[in-house]
file upload17.cif (mmCIF, C-alpha atoms)
data_protein
loop_
_atom_site.label_atom_id
_atom_site.label_comp_id
_atom_site.auth_asym_id
_atom_site.auth_seq_id
_atom_site.Cartn_x
_atom_site.Cartn_y
_atom_site.Cartn_z
CA MET V 1 0.00 0.00 0.00
CA HIS V 2 2.81 2.42 0.90
CA PHE V 3 4.52 1.59 -2.37
CA LEU V 4 1.40 2.49 -4.35
CA LYS V 5 1.16 5.82 -2.51
CA LEU V 6 4.77 6.53 -3.37
CA LEU V 7 4.16 5.82 -7.05
CA ASN V 8 1.16 8.16 -6.93
CA THR V 9 3.36 10.91 -5.48
CA VAL V 10 5.98 10.47 -8.19
CA TYR V 11 3.21 10.69 -10.79
CA TYR V 12 2.04 14.05 -9.42
CA LEU V 13 5.62 15.34 -9.30
CA LEU V 14 6.02 14.63 -12.99
CA ILE V 15 2.76 16.42 -13.74
CA LEU V 16 3.83 19.37 -11.59
CA ASN V 17 7.14 19.62 -13.40
CA ASN V 18 5.40 19.67 -16.80
CA LEU V 19 3.02 22.38 -15.65
CA ASN V 20 5.77 24.75 -14.51
CA ASN V 21 6.35 25.98 -18.04
CA LEU V 22 2.65 26.56 -18.65
CA CYS V 23 2.31 28.62 -15.47
CA CYS V 24 4.69 31.16 -16.92
CA HIS V 25 1.95 32.19 -19.38
CA GLY V 26 -0.40 33.18 -16.52
CA ASN V 27 -3.07 30.59 -17.03
CA HIS V 28 -5.28 30.73 -13.88
CA THR V 29 -6.79 27.23 -14.33
CA ILE V 30 -3.39 25.67 -14.59
CA LYS V 31 -2.33 27.44 -11.37
CA GLN V 32 -5.30 25.94 -9.53
CA PHE V 33 -4.46 22.48 -10.81
CA GLN V 34 -0.86 23.03 -9.77
CA THR V 35 -2.02 23.93 -6.26
CA ILE V 36 -4.07 20.71 -6.03
CA CYS V 37 -1.11 18.64 -7.16
CA TYR V 38 1.13 20.36 -4.63
CA ASN V 39 -1.30 19.58 -1.80
CA ARG V 40 -1.45 15.93 -2.81
CA ILE V 41 2.33 15.72 -2.91
CA MET V 42 2.73 17.26 0.54
CA ALA V 43 0.07 15.00 2.15
CA LEU V 44 1.35 12.92 5.09
CA LEU V 45 2.06 9.26 4.35
CA THR V 46 2.20 6.40 6.89
CA PHE V 47 5.45 4.49 6.53
CA HIS V 48 5.38 2.57 9.82
CA SER V 49 2.85 1.86 12.57
CA THR V 50 2.85 0.22 16.03
CA PRO V 51 -0.11 -0.79 18.23
CA LEU V 52 -0.91 1.03 21.47
CA VAL V 53 -0.89 -0.58 24.92
CA GLN V 54 -2.84 0.49 27.99
CA GLU V 55 -1.55 -0.81 31.32
CA TYR V 56 -3.65 -1.94 34.30
CA GLN V 57 -1.50 -2.25 37.42
CA SER V 58 -2.01 -3.79 40.84
CA THR V 59 -0.06 -5.43 43.69
CA TRP V 60 0.86 -9.10 43.91
CA ILE V 61 -1.77 -9.71 46.58
CA SER V 62 -4.96 -8.41 44.98
CA ARG V 63 -8.07 -9.50 43.17
CA ALA V 64 -6.50 -8.44 39.87
CA SER V 65 -3.47 -10.66 40.55
CA PHE V 66 -5.72 -13.60 41.47
CA PHE V 67 -7.83 -13.11 38.32
CA ALA V 68 -4.73 -12.93 36.07
CA CYS V 69 -3.32 -16.14 37.60
CA LEU V 70 -6.68 -17.85 37.17
CA CYS V 71 -6.76 -16.88 33.48
CA PHE V 72 -3.22 -18.22 33.02
CA LEU V 73 -4.08 -21.55 34.64
CA VAL V 74 -7.22 -21.90 32.54
CA CYS V 75 -5.23 -21.19 29.35
CA ALA V 76 -2.52 -23.66 30.34
CA PHE V 77 -4.53 -26.65 31.59
CA ALA V 78 -7.99 -26.43 30.01
CA PRO V 79 -6.66 -27.11 26.46
CA PHE V 80 -4.87 -30.21 27.78
CA LEU V 81 -8.05 -31.53 29.41
CA VAL V 82 -10.12 -30.86 26.28
CA ALA V 83 -7.56 -32.50 23.95
CA TYR V 84 -7.03 -35.48 26.27
CA SER V 85 -10.76 -36.14 26.76
CA SER V 86 -11.27 -36.26 22.97
CA HIS V 87 -9.20 -39.51 22.90
CA GLY V 88 -6.16 -40.18 20.77
CA PHE V 89 -4.05 -37.56 22.57
CA TRP V 90 -1.20 -39.97 23.31
CA VAL V 91 -0.50 -41.88 20.11
CA LYS V 92 0.01 -45.53 21.00
CA HIS V 93 0.61 -46.96 17.55
CA HIS V 94 1.33 -45.88 13.99
CA VAL V 95 1.03 -47.66 10.64
CA HIS V 96 3.85 -47.39 8.14
CA ARG V 97 3.95 -48.66 4.56
CA GLU V 98 7.29 -49.98 3.43
CA LYS V 99 8.50 -51.95 0.46
CA PRO V 100 10.56 -54.85 1.79
CA TYR V 101 13.73 -56.42 0.44
CA VAL V 102 12.55 -59.90 -0.54
CA SER V 103 14.47 -62.63 -2.33
CA PHE V 104 13.78 -66.30 -2.91
CA LYS V 105 16.41 -68.42 -1.16
CA TYR V 106 16.12 -71.26 -3.68
CA GLN V 107 14.93 -73.51 -0.89
CA ALA V 108 11.66 -75.42 -1.18
CA LEU V 109 9.80 -78.50 -0.06
CA LEU V 110 7.21 -80.32 -2.18
CA LEU V 111 4.70 -82.92 -1.07
CA ALA V 112 2.15 -84.48 -3.45
CA ARG V 113 -0.25 -87.22 -2.47
CA SER V 114 -2.25 -89.78 -4.35
CA PRO V 115 -4.83 -92.16 -2.83
CA THR V 116 -2.17 -94.86 -2.53
CA SER V 117 1.21 -93.14 -2.29
CA GLU V 118 3.21 -89.93 -1.79
CA ILE V 119 5.69 -87.99 -3.89
CA THR V 120 8.09 -85.59 -2.19
CA TRP V 121 11.24 -83.58 -2.76
CA SER V 122 13.15 -80.76 -1.09
CA THR V 123 16.38 -78.82 -1.30
CA PHE V 124 17.42 -80.29 2.08
CA ASP V 125 19.59 -83.37 1.84
CA GLU V 126 18.60 -84.71 5.25
CA TYR V 127 14.90 -84.57 4.37
CA ASN V 128 15.53 -86.29 1.04
CA LEU V 129 17.48 -89.01 2.79
CA LEU V 130 14.67 -89.63 5.29
CA ASN V 131 12.07 -89.86 2.50
CA SER V 132 14.16 -91.56 -0.18
CA GLN V 133 11.45 -94.11 -1.02
CA TYR V 134 9.05 -91.29 -2.06
CA LEU V 135 11.66 -89.02 -3.66
CA HIS V 136 11.10 -87.65 -7.17
CA PHE V 137 13.52 -85.04 -8.49
CA PRO V 138 11.69 -82.30 -10.41
CA SER V 139 12.72 -79.86 -13.13
CA ILE V 140 12.60 -76.28 -11.80
CA THR V 141 12.77 -72.87 -13.48
CA VAL V 142 12.98 -69.80 -11.23
CA SER V 143 13.08 -66.10 -12.07
CA GLU V 144 12.63 -62.99 -9.91
CA ARG V 145 11.59 -59.70 -11.47
CA ASP V 146 12.33 -56.06 -10.74
CA GLU V 147 9.62 -54.60 -12.95
CA ASN V 148 10.19 -50.90 -12.21
CA ASP V 149 14.01 -50.93 -11.75
CA ASP V 150 13.87 -49.57 -8.18
CA GLY V 151 16.29 -52.11 -6.74
CA PHE V 152 13.52 -54.17 -5.11
CA MET V 153 12.35 -57.52 -6.46
CA ASP V 154 8.64 -57.37 -7.30
CA GLY V 155 7.79 -61.03 -7.70
CA LEU V 156 8.77 -64.65 -8.16
CA ASP V 157 7.94 -66.78 -11.20
CA LEU V 158 8.49 -70.49 -10.48
CA LYS V 159 7.78 -73.47 -12.72
CA LEU V 160 8.15 -77.03 -11.43
CA GLU V 161 7.60 -80.35 -13.24
CA PHE V 162 7.94 -83.86 -11.91
CA GLU V 163 7.18 -87.29 -13.34
CA SER V 164 4.36 -89.31 -11.88
CA ASN V 165 2.20 -92.20 -12.96
CA GLU V 166 0.11 -91.79 -9.80
CA THR V 167 -3.22 -90.02 -9.54
CA ILE V 168 -2.36 -86.76 -7.73
CA ASN V 169 -5.13 -85.24 -5.60
CA PHE V 170 -3.17 -83.09 -3.11
CA ILE V 171 -0.25 -80.68 -3.59
CA ASN V 172 1.61 -78.89 -0.80
CA MET V 173 4.66 -76.74 -1.55
CA ILE V 174 6.67 -74.64 0.91
CA LEU V 175 8.89 -71.84 -0.41
CA ILE V 176 11.49 -70.07 1.73
CA PHE V 177 12.33 -66.37 1.37
CA SER V 178 14.75 -63.84 2.81
CA TYR V 179 12.78 -60.83 4.10
CA ARG V 180 14.12 -57.47 5.33
CA LEU V 181 12.61 -54.21 6.60
CA LYS V 182 14.69 -51.17 7.53
CA ASP V 183 12.71 -47.87 7.64
CA ILE V 184 11.08 -47.98 11.08
CA SER V 185 12.92 -50.93 12.54
CA THR V 186 15.63 -53.18 11.16
CA ILE V 187 14.12 -56.64 10.81
CA ASN V 188 15.94 -59.48 9.07
CA MET V 189 14.25 -62.86 8.89
CA GLU V 190 13.67 -66.04 6.96
CA SER V 191 10.01 -66.49 6.05
CA LEU V 192 7.67 -68.97 4.43
CA GLY V 193 5.14 -69.06 1.65
CA VAL V 194 2.86 -72.10 1.68
CA ILE V 195 0.88 -73.29 -1.37
CA GLN V 196 -1.68 -75.97 -0.67
CA TYR V 197 -4.43 -77.41 -2.86
CA ASP V 198 -6.70 -80.43 -2.41
CA SER V 199 -8.85 -81.74 -5.22
CA GLY V 200 -11.37 -84.53 -5.51
CA ILE V 201 -10.51 -84.83 -9.20
CA PRO V 202 -7.09 -86.07 -10.32
CA LEU V 203 -4.67 -83.23 -11.11
CA THR V 204 -2.25 -82.99 -14.01
CA GLY V 205 -1.13 -79.47 -13.09
CA LEU V 206 -1.77 -76.42 -10.93
CA HIS V 207 -1.47 -72.69 -11.53
CA PHE V 208 -1.24 -70.37 -8.53
CA VAL V 209 -1.11 -66.56 -8.28
CA GLY V 210 -0.89 -64.81 -4.92
CA ASP V 211 0.73 -62.11 -2.75
CA LEU V 212 3.49 -62.58 -0.21
CA GLN V 213 2.35 -60.30 2.61
CA TRP V 214 3.80 -59.23 5.92
CA VAL V 215 1.81 -60.43 8.97
CA GLN V 216 2.43 -59.54 12.62
CA LYS V 217 0.91 -60.45 15.97
CA ARG V 218 2.38 -57.66 18.07
CA MET V 219 3.56 -54.13 17.46
CA VAL V 220 7.17 -53.57 16.46
CA GLU V 221 9.24 -51.30 18.68
CA PHE V 222 10.47 -48.08 17.11
CA ARG V 223 14.09 -48.16 15.93
CA GLN V 224 14.73 -51.68 17.15
CA THR V 225 16.94 -54.27 15.49
CA ASP V 226 15.49 -57.77 15.45
CA ASN V 227 17.37 -60.73 14.01
CA ARG V 228 15.65 -63.44 16.05
CA TYR V 229 14.13 -65.09 12.99
CA ASN V 230 17.11 -64.66 10.70
CA GLN V 231 17.95 -68.35 10.89
CA THR V 232 16.98 -71.60 9.23
CA ILE V 233 13.28 -72.34 9.55
CA VAL V 234 13.50 -75.97 8.51
CA ARG V 235 15.01 -77.52 11.63
CA GLN V 236 12.54 -80.38 11.73
CA PHE V 237 11.08 -82.25 8.83
CA GLU V 238 7.64 -83.03 10.14
CA ILE V 239 5.59 -80.46 8.21
CA SER V 240 2.94 -80.07 10.93
CA ASP V 241 5.63 -79.27 13.54
CA LEU V 242 7.37 -76.92 11.11
CA LEU V 243 4.19 -74.90 10.48
CA ARG V 244 3.28 -74.85 14.19
CA ALA V 245 6.68 -73.41 15.11
CA TYR V 246 6.42 -70.84 12.32
CA ASN V 247 2.93 -69.80 13.43
CA ALA V 248 4.23 -69.13 16.96
CA ARG V 249 6.46 -66.29 15.72
CA ASP V 250 5.57 -62.66 16.40
CA TYR V 251 5.72 -61.84 12.71
CA GLY V 252 6.39 -63.43 9.37
CA THR V 253 4.93 -63.66 5.87
CA GLU V 254 1.94 -65.42 4.39
CA LEU V 255 0.59 -66.08 0.91
CA LEU V 256 -2.69 -64.20 0.67
CA ASN V 257 -5.14 -63.33 -2.11
CA GLY V 258 -4.33 -66.67 -3.65
CA HIS V 259 -6.03 -67.83 -6.85
CA TYR V 260 -5.79 -71.48 -7.89
CA LEU V 261 -6.40 -72.89 -11.34
CA PRO V 262 -6.29 -76.71 -11.31
CA ILE V 263 -5.54 -78.57 -14.52
CA HIS V 264 -7.41 -81.82 -15.14
CA GLY V 265 -7.49 -84.20 -18.04
CA PRO V 266 -5.31 -86.86 -19.64
CA SER V 267 -1.82 -87.07 -18.19
CA ASP V 268 1.38 -87.26 -20.22
CA GLY V 269 3.27 -88.55 -17.19
CA LEU V 270 4.22 -85.05 -15.93
CA VAL V 271 2.66 -82.92 -13.19
CA ARG V 272 3.26 -79.21 -13.78
CA ILE V 273 3.07 -76.53 -11.10
CA HIS V 274 3.34 -72.89 -12.14
CA THR V 275 3.30 -70.13 -9.50
CA TYR V 276 3.66 -66.37 -9.62
CA ILE V 277 4.06 -64.68 -6.24
CA ARG V 278 3.97 -60.90 -5.97
CA TYR V 279 5.97 -59.18 -3.20
CA THR V 280 3.65 -56.58 -1.68
CA GLU V 281 4.31 -53.57 0.56
CA ALA V 282 4.41 -54.26 4.29
CA MET V 283 1.82 -52.53 6.49
CA LEU V 284 3.94 -52.22 9.60
CA GLU V 285 2.26 -51.41 12.93
CA TYR V 286 4.72 -49.98 15.44
CA ALA V 287 4.84 -48.22 18.79
CA PRO V 288 6.11 -44.67 18.12
CA GLY V 289 9.06 -43.16 19.94
CA LEU V 290 8.85 -40.49 22.65
CA TRP V 291 9.42 -37.47 20.40
CA ASN V 292 6.86 -38.74 17.90
CA VAL V 293 4.28 -39.04 20.68
CA LEU V 294 5.06 -35.55 22.00
CA LYS V 295 4.91 -34.04 18.50
CA TRP V 296 1.36 -35.22 17.85
CA ALA V 297 0.26 -34.36 21.39
CA TRP V 298 1.64 -30.82 20.99
CA ILE V 299 -0.23 -30.30 17.71
CA GLN V 300 -3.53 -31.19 19.38
CA TYR V 301 -2.75 -29.12 22.48
CA ALA V 302 -1.68 -26.02 20.51
CA SER V 303 -4.78 -26.06 18.30
CA VAL V 304 -7.05 -25.91 21.37
CA LEU V 305 -4.70 -23.48 23.17
CA LEU V 306 -5.16 -20.82 20.46
CA VAL V 307 -8.92 -20.81 21.04
CA PHE V 308 -8.53 -20.44 24.82
CA VAL V 309 -5.89 -17.70 24.50
CA TYR V 310 -8.19 -15.67 22.26
CA ALA V 311 -11.21 -16.23 24.55
CA MET V 312 -9.24 -15.33 27.70
CA GLY V 313 -7.92 -12.19 25.99
CA VAL V 314 -11.46 -11.00 25.27
CA ILE V 315 -12.59 -11.77 28.84
CA LYS V 316 -9.60 -9.97 30.37
CA ASN V 317 -10.18 -6.90 28.20
CA VAL V 318 -13.78 -6.69 29.40
CA VAL V 319 -12.95 -7.29 33.08
CA PHE V 320 -10.08 -4.77 33.28
CA SER V 321 -11.56 -2.10 31.03
CA GLN V 322 -14.82 -2.11 33.01
CA GLN V 323 -12.86 -2.14 36.29
CA MET V 324 -14.62 -5.29 37.53
CA VAL V 325 -11.46 -5.87 39.57
CA PRO V 326 -9.74 -2.80 41.04
CA THR V 327 -6.53 -1.66 39.33
CA TRP V 328 -4.42 1.49 39.12
CA ASN V 329 -4.82 2.93 35.69
CA GLU V 330 -3.20 6.29 34.97
CA LYS V 331 -4.48 6.22 31.40
CA ARG V 332 -0.84 6.06 30.29
CA ILE V 333 -0.67 4.96 26.67
CA LYS V 334 2.58 3.93 25.11
CA THR V 335 3.62 2.05 21.99
CA VAL V 336 4.84 -1.53 21.89
CA ALA V 337 8.05 -0.23 20.32
CA ASP V 338 8.69 1.99 23.38
CA ASP V 339 7.96 -0.90 25.72
CA SER V 340 10.45 -3.17 23.99
CA ARG V 341 13.28 -0.72 24.64
CA HIS V 342 12.94 -1.09 28.41
#
call {"tool": "encode", "arguments": {"input": "upload17.cif", "output": "structure tokens"}}
result
Amino acid sequence: MHFLKLLNTVYYLLILNNLNNLCCHGNHTIKQFQTICYNRIMALLTFHSTPLVQEYQSTWISRASFFACLCFLVCAFAPFLVAYSSHGFWVKHHVHREKPYVSFKYQALLLARSPTSEITWSTFDEYNLLNSQYLHFPSITVSERDENDDGFMDGLDLKLEFESNETINFINMILIFSYRLKDISTINMESLGVIQYDSGIPLTGLHFVGDLQWVQKRMVEFRQTDNRYNQTIVRQFEISDLLRAYNARDYGTELLNGHYLPIHGPSDGLVRIHTYIRYTEAMLEYAPGLWNVLKWAWIQYASVLLVFVYAMGVIKNVVFSQQMVPTWNEKRIKTVADDSRH
């Protein structure tokens, strides 16, 4: 606004300068216009302003002192009570989305059943030795994909074929992955993905598509490092015991949103299993740290505090200006700028 006024003044100065030559010819109208321009140029402009303060004074032991302390306490504690009673003041948990580092460890266990026999295979020599009478070595093709070139694997494409002259009705395959999170907490672990399908009609193949998702049974601590599960899962070769021990963990992975497409019909002596597993983002629930809790509590407290400060300011202005509590008021008015110098 001041800048616009200054431009207006410069404009009139230019006009006044152009009219000086015309005034020499004695033109009365031009002299009047020159006088108007001169008055506009010499008008007072506001280049700086400060608010005014009126003081109301009293002793420490007085009704005014008691009222001022009461207003301060209301402003300080009432916003806390209001924010706390609205629930959610102290944040007890947060949810964080994170893309994990996942890689297939090239470890697997396959179990297929027919009405009369079993077919099995694994990447563990001890398991193969214990089940040598049911062992069938398959042909396997594995590829992991980084579809968007962000340095994270996005999925696993696995094809498995094994010879069988048996009628296969049940397929169970366990895949083992390396799984890592690092943003909120550093978690390194070995995890499972279990594919299981039971059919009343003989199978010649199975297609499976699903998501490898993070699952947890308790909140993760903020900024912790947990390597408890970064060790071999397959310590025992009874599948029921293996799955029971894995289910007892606080967190792991699970194949969810699974879609199965069984293949029936004449068999050529091969059973084909084709799976595509997508690595999804982890929805990590964690207990926030102290500063995170205080940050969100302060935001809620400050938003209510502003309302109370404004309301108490209005009430204090009314009480002191109407002399509802006695004060000494000499009607001294001074600027904030003067007050800041003392």
call {"tool": "atom_distance", "arguments": {"input": "upload17.cif", "atom1": "atom CA of Val220 of chain V", "atom2": "atom CA of Thr280 of chain V"}}
result
18.7 Å
call {"tool": "resolve_selection", "arguments": {"input": "upload17.cif", "expression": "the PyMOL selection byres ((chain V and resi 206) around 8)", "output": "VMD selection string"}}
result
chain V and resid 203 to 205 207 to 208 260 to 263 272 to 274
call {"tool": "write_last_selection", "arguments": {"input": "upload17.cif", "atoms": "C-alpha atoms", "output": "CSV table (one decimal), keeping the file's coordinate frame"}}
result
chain,number,residue,atom,x,y,z
V,203,LEU,CA,-4.7,-83.2,-11.1
V,204,THR,CA,-2.2,-83.0,-14.0
V,205,GLY,CA,-1.1,-79.5,-13.1
V,207,HIS,CA,-1.5,-72.7,-11.5
V,208,PHE,CA,-1.2,-70.4,-8.5
V,260,TYR,CA,-5.8,-71.5,-7.9
V,261,LEU,CA,-6.4,-72.9,-11.3
V,262,PRO,CA,-6.3,-76.7,-11.3
V,263,ILE,CA,-5.5,-78.6,-14.5
V,272,ARG,CA,3.3,-79.2,-13.8
V,273,ILE,CA,3.1,-76.5,-11.1
V,274,HIS,CA,3.3,-72.9,-12.1
call {"tool": "resolve_selection", "arguments": {"input": "upload17.cif", "expression": "the PyMOL selection byres ((chain V and resi 159) around 9)", "output": "number ranges by chain"}}
result
V: 139-142, 157-158, 160-161, 272-276
call {"tool": "write_last_selection", "arguments": {"input": "upload17.cif", "atoms": "C-alpha atoms", "output": "PDB file, in the frame of the given file"}}
result
ATOM      1  CA  SER V 139      12.720 -79.860 -13.130  1.00  0.00           C
ATOM      2  CA  ILE V 140      12.600 -76.280 -11.800  1.00  0.00           C
ATOM      3  CA  THR V 141      12.770 -72.870 -13.480  1.00  0.00           C
ATOM      4  CA  VAL V 142      12.980 -69.800 -11.230  1.00  0.00           C
ATOM      5  CA  ASP V 157       7.940 -66.780 -11.200  1.00  0.00           C
ATOM      6  CA  LEU V 158       8.490 -70.490 -10.480  1.00  0.00           C
ATOM      7  CA  LEU V 160       8.150 -77.030 -11.430  1.00  0.00           C
ATOM      8  CA  GLU V 161       7.600 -80.350 -13.240  1.00  0.00           C
ATOM      9  CA  ARG V 272       3.260 -79.210 -13.780  1.00  0.00           C
ATOM     10  CA  ILE V 273       3.070 -76.530 -11.100  1.00  0.00           C
ATOM     11  CA  HIS V 274       3.340 -72.890 -12.140  1.00  0.00           C
ATOM     12  CA  THR V 275       3.300 -70.130  -9.500  1.00  0.00           C
ATOM     13  CA  TYR V 276       3.660 -66.370  -9.620  1.00  0.00           C
TER      14      TYR V 276
END
call {"tool": "resolve_selection", "arguments": {"input": "upload17.cif", "expression": "the PyMOL selection byres ((chain V and resi 301) around 9)", "output": "PyMOL selection string"}}
result
chain V and resi 79-80+82-84+89+296-300+302-306
call {"tool": "closest_residue", "arguments": {"input": "upload17.cif", "among": "V:Arg97, V:Asn128, V:Ile195, V:Leu111", "to": "Lys182 of chain V", "atoms": "all atoms listed in the file"}}
result
V:Arg97
call {"tool": "atom_distance", "arguments": {"input": "upload17.cif", "atom1": "atom CA of Phe237 of chain V", "atom2": "atom CA of Glu126 of chain V"}}
result
8.7 Å
call {"tool": "atom_distance", "arguments": {"input": "upload17.cif", "atom1": "atom CA of Leu73 of chain V", "atom2": "atom CA of Pro51 of chain V"}}
result
26.8 Å
call {"tool": "closest_residue", "arguments": {"input": "upload17.cif", "among": "V:His94, V:Lys99, V:Lys105, V:Arg63", "to": "Leu175 of chain V", "atoms": "all atoms listed in the file"}}
result
V:Lys105
call {"tool": "residues_around", "arguments": {"input": "upload17.cif", "residues": "Arg223 of chain V", "least_positions_apart": "3", "cutoff": "10 Å", "atoms": "all atoms listed in the file", "output": "number ranges by chain"}}
result
V: 182-187, 220, 226, 286-289
